[in-house]
Amino acid sequence: MLIFFFMVFLFFYTTDEATWSQLLIRNTGETNPQVALRRVLAEVDKYDRIHRCLFGNYSSELMPRPTPKVLFEIRGSILDFLQRNDLMLLAPIFRTFFTTNGYGFINETAAVYGLAWLPPEGIRGVFTPTNGFYVLRGGFQELVREIARRNELNVRLGVDVVRIQRQFGPSGIYVTFKSKESPEPLTERFDFLILSPAMNSLFDVVDFNPMERKLFRNLVNVNYVITLLESDNGRRARDPQVYYNQNIEEFGYSVMASINLYHAKNNISGPDHRLGLRENGPDGRAPEAVMYYQLGAENPWRKDVDSVIQNKLRTVLRTFDKTNPRILEQVKWGYYFPRFPPPAADRGYLWDVLDMQGRFNTWYIGSSVCFESLESVVEYNNLLMK
């Protein structure tokens, strides 16, 4: 059995309870931390009641299709929804979860994404964290390889798909591709098609019909740049995850966040992290290795845009007195978090895609039909299997 995998990079990370508490206390204007926390938790309870009133209880990644009345109640952006329902003390949580992770500004990302990806139990987890930081050894590609091995799947990597033509009925689906083994394009027939890339990146590859084009042409996205960098020393925050809140309101490739993965995974914080007392594992090497995250709308491969990316990264390194910084690897992703903007989301396009699943011998998976996180994509796929 031959399966073409269009791979999508999915990323998430968390912050700790102390950082959240400090952030929320600043935004309440209260001087007493306990009073500030009670006010915020009261709004979490209110958010919980509203969420259940709108959607009831459900267990899937995407709530059942809302009625026209509910779609009207959740219209507009995340910020619109919070303002209408007097939930503005929760805005810092949504802003950090969304904007810092590249999911758009809360005044432009459709409310349905906030309600689906950050339900009440998700917000409660900010204050009562139970899960640690997990990194899959070998990366997600190792997971795909193991799935392929156990199910005896023929997965072809490094294949350039040129064209996908679907002839409905018994004729099947024809995929034209270039491989390393053949200088000429090859075409093979398949019974069905599963697409996982951003659907708005496939208009020149897949022969989308008018119904598909009507939906997918509305998708918007940003670009993501991740830099793994090593430096000899410099100032550090208390925790290995740092959100640069002064940059959170701009997407012009300012550094949004950074993380020392080893310290985060091993819960090294406080003086041990700030002073570098437990550095980067058992190898005894002193340099600190940190990943930096930058987001932007313009093409990151353009020379002038790349220059902006590198300059803004260097600015942060100078701010924190990083000496002898060395870039170990820098990766750029286009089509990050493809999503429906509020006008399209308000028309129920996410559920229109769900209704269209399998109709044209085609199944649509990946972040552009649900949400740009590993958990969301896996849970959406489970929903399709059900």
# chains A, B, ... in the order shown; residues from 1 in each chain; ligands from 1
>>> select_by_dssp(residues="range 60-205 of chain A", states="helix (DSSP H, G or I)", output="VMD selection string")
chain A and resid 68 to 73 78 to 84 88 to 98 111 to 117 120 to 127 140 to 150 199 to 201
>>> residues_around(residues="Leu41 in chain A", least_positions_apart="4", cutoff="10 Å", atoms="only C-alpha atoms", output="count of residues only")
11
>>> closest_residue(among="A:Asn381, A:Asn223, A:Gln294, A:Thr128", to="Met256 in chain A", atoms="only C-alpha atoms")
A:Gln294
>>> select_by_dssp(residues="range 115-216 of chain A", states="strand (DSSP E)", output="VMD selection string")
chain A and resid 154 to 155 160 to 167 172 to 179 182 to 190 193 to 195
>>> residues_around(residues="Ser231 in chain A", least_positions_apart="3", cutoff="10 Å", atoms="only C-alpha atoms", output="list in words")
Gly234, Ala286, Pro287, Glu288, Ala289, Val290, Leu317, Asp321, Lys322, Thr323, Asn324, Pro325, Arg326 and Ile327 of chain A
>>> closest_residue(among="A:Ser179, A:Asn57, A:Asn107, A:Gln83", to="Pro120 in chain A", atoms="only C-alpha atoms")
A:Asn57
>>> residues_around(residues="range 354-356 of chain A", least_positions_apart="5", cutoff="9 Å", atoms="only C-alpha atoms", output="CSV table (one decimal) with C-alpha atoms, in the first residue's frame")
chain,number,residue,atom,x,y,z
A,212,GLU,CA,-13.3,23.3,-2.6
A,349,TYR,CA,-16.6,27.0,6.9
A,362,THR,CA,-10.6,13.0,-0.9
A,363,TRP,CA,-10.0,13.5,2.8
A,364,TYR,CA,-8.6,16.8,4.2
A,369,VAL,CA,-8.9,22.2,8.5
A,384,LEU,CA,-12.8,11.5,11.0
>>> closest_residue(among="A:Ser59, A:Ser254, A:Ser376, A:Gln241", to="Ile268 in chain A", atoms="only C-alpha atoms")
A:Gln241
>>> residues_around(residues="Thr319 in chain A", least_positions_apart="4", cutoff="12 Å", atoms="only C-alpha atoms", output="VMD selection string")
chain A and resid 234 to 236 244 255 312 to 315 323
>>> residues_around(residues="Met63 in chain A", least_positions_apart="3", cutoff="12 Å", atoms="only C-alpha atoms", output="PyMOL selection string")
chain A and resi 51-52+54-60+66-67+70-71+112-113+115-117+119+348+350-351+354+370+379-380+383
>>> residues_around(residues="Leu202 in chain A", least_positions_apart="5", cutoff="10 Å", atoms="only C-alpha atoms", output="list of chain:residue names")
A:Arg163, A:Ile164, A:Leu195, A:Pro197, A:Asp207, A:Phe208, A:Phe216
>>> closest_residue(among="A:Thr28, A:Gly270, A:Ile194, A:Ile50", to="Pro92 in chain A", atoms="only C-alpha atoms")
A:Thr28
>>> atom_distance(atom1="CA of Phe98 in chain A", atom2="CA of Tyr293 in chain A")
13.6 Å
>>> atom_distance(atom1="CA of Phe371 in chain A", atom2="CA of Asn221 in chain A")
11.8 Å
>>> atom_distance(atom1="CA of Leu157 in chain A", atom2="CA of Gly358 in chain A")
24.7 Å
>>> closest_residue(among="A:Leu193, A:Pro183, A:Lys386, A:Lys303", to="Arg166 in chain A", atoms="only C-alpha atoms")
A:Leu193
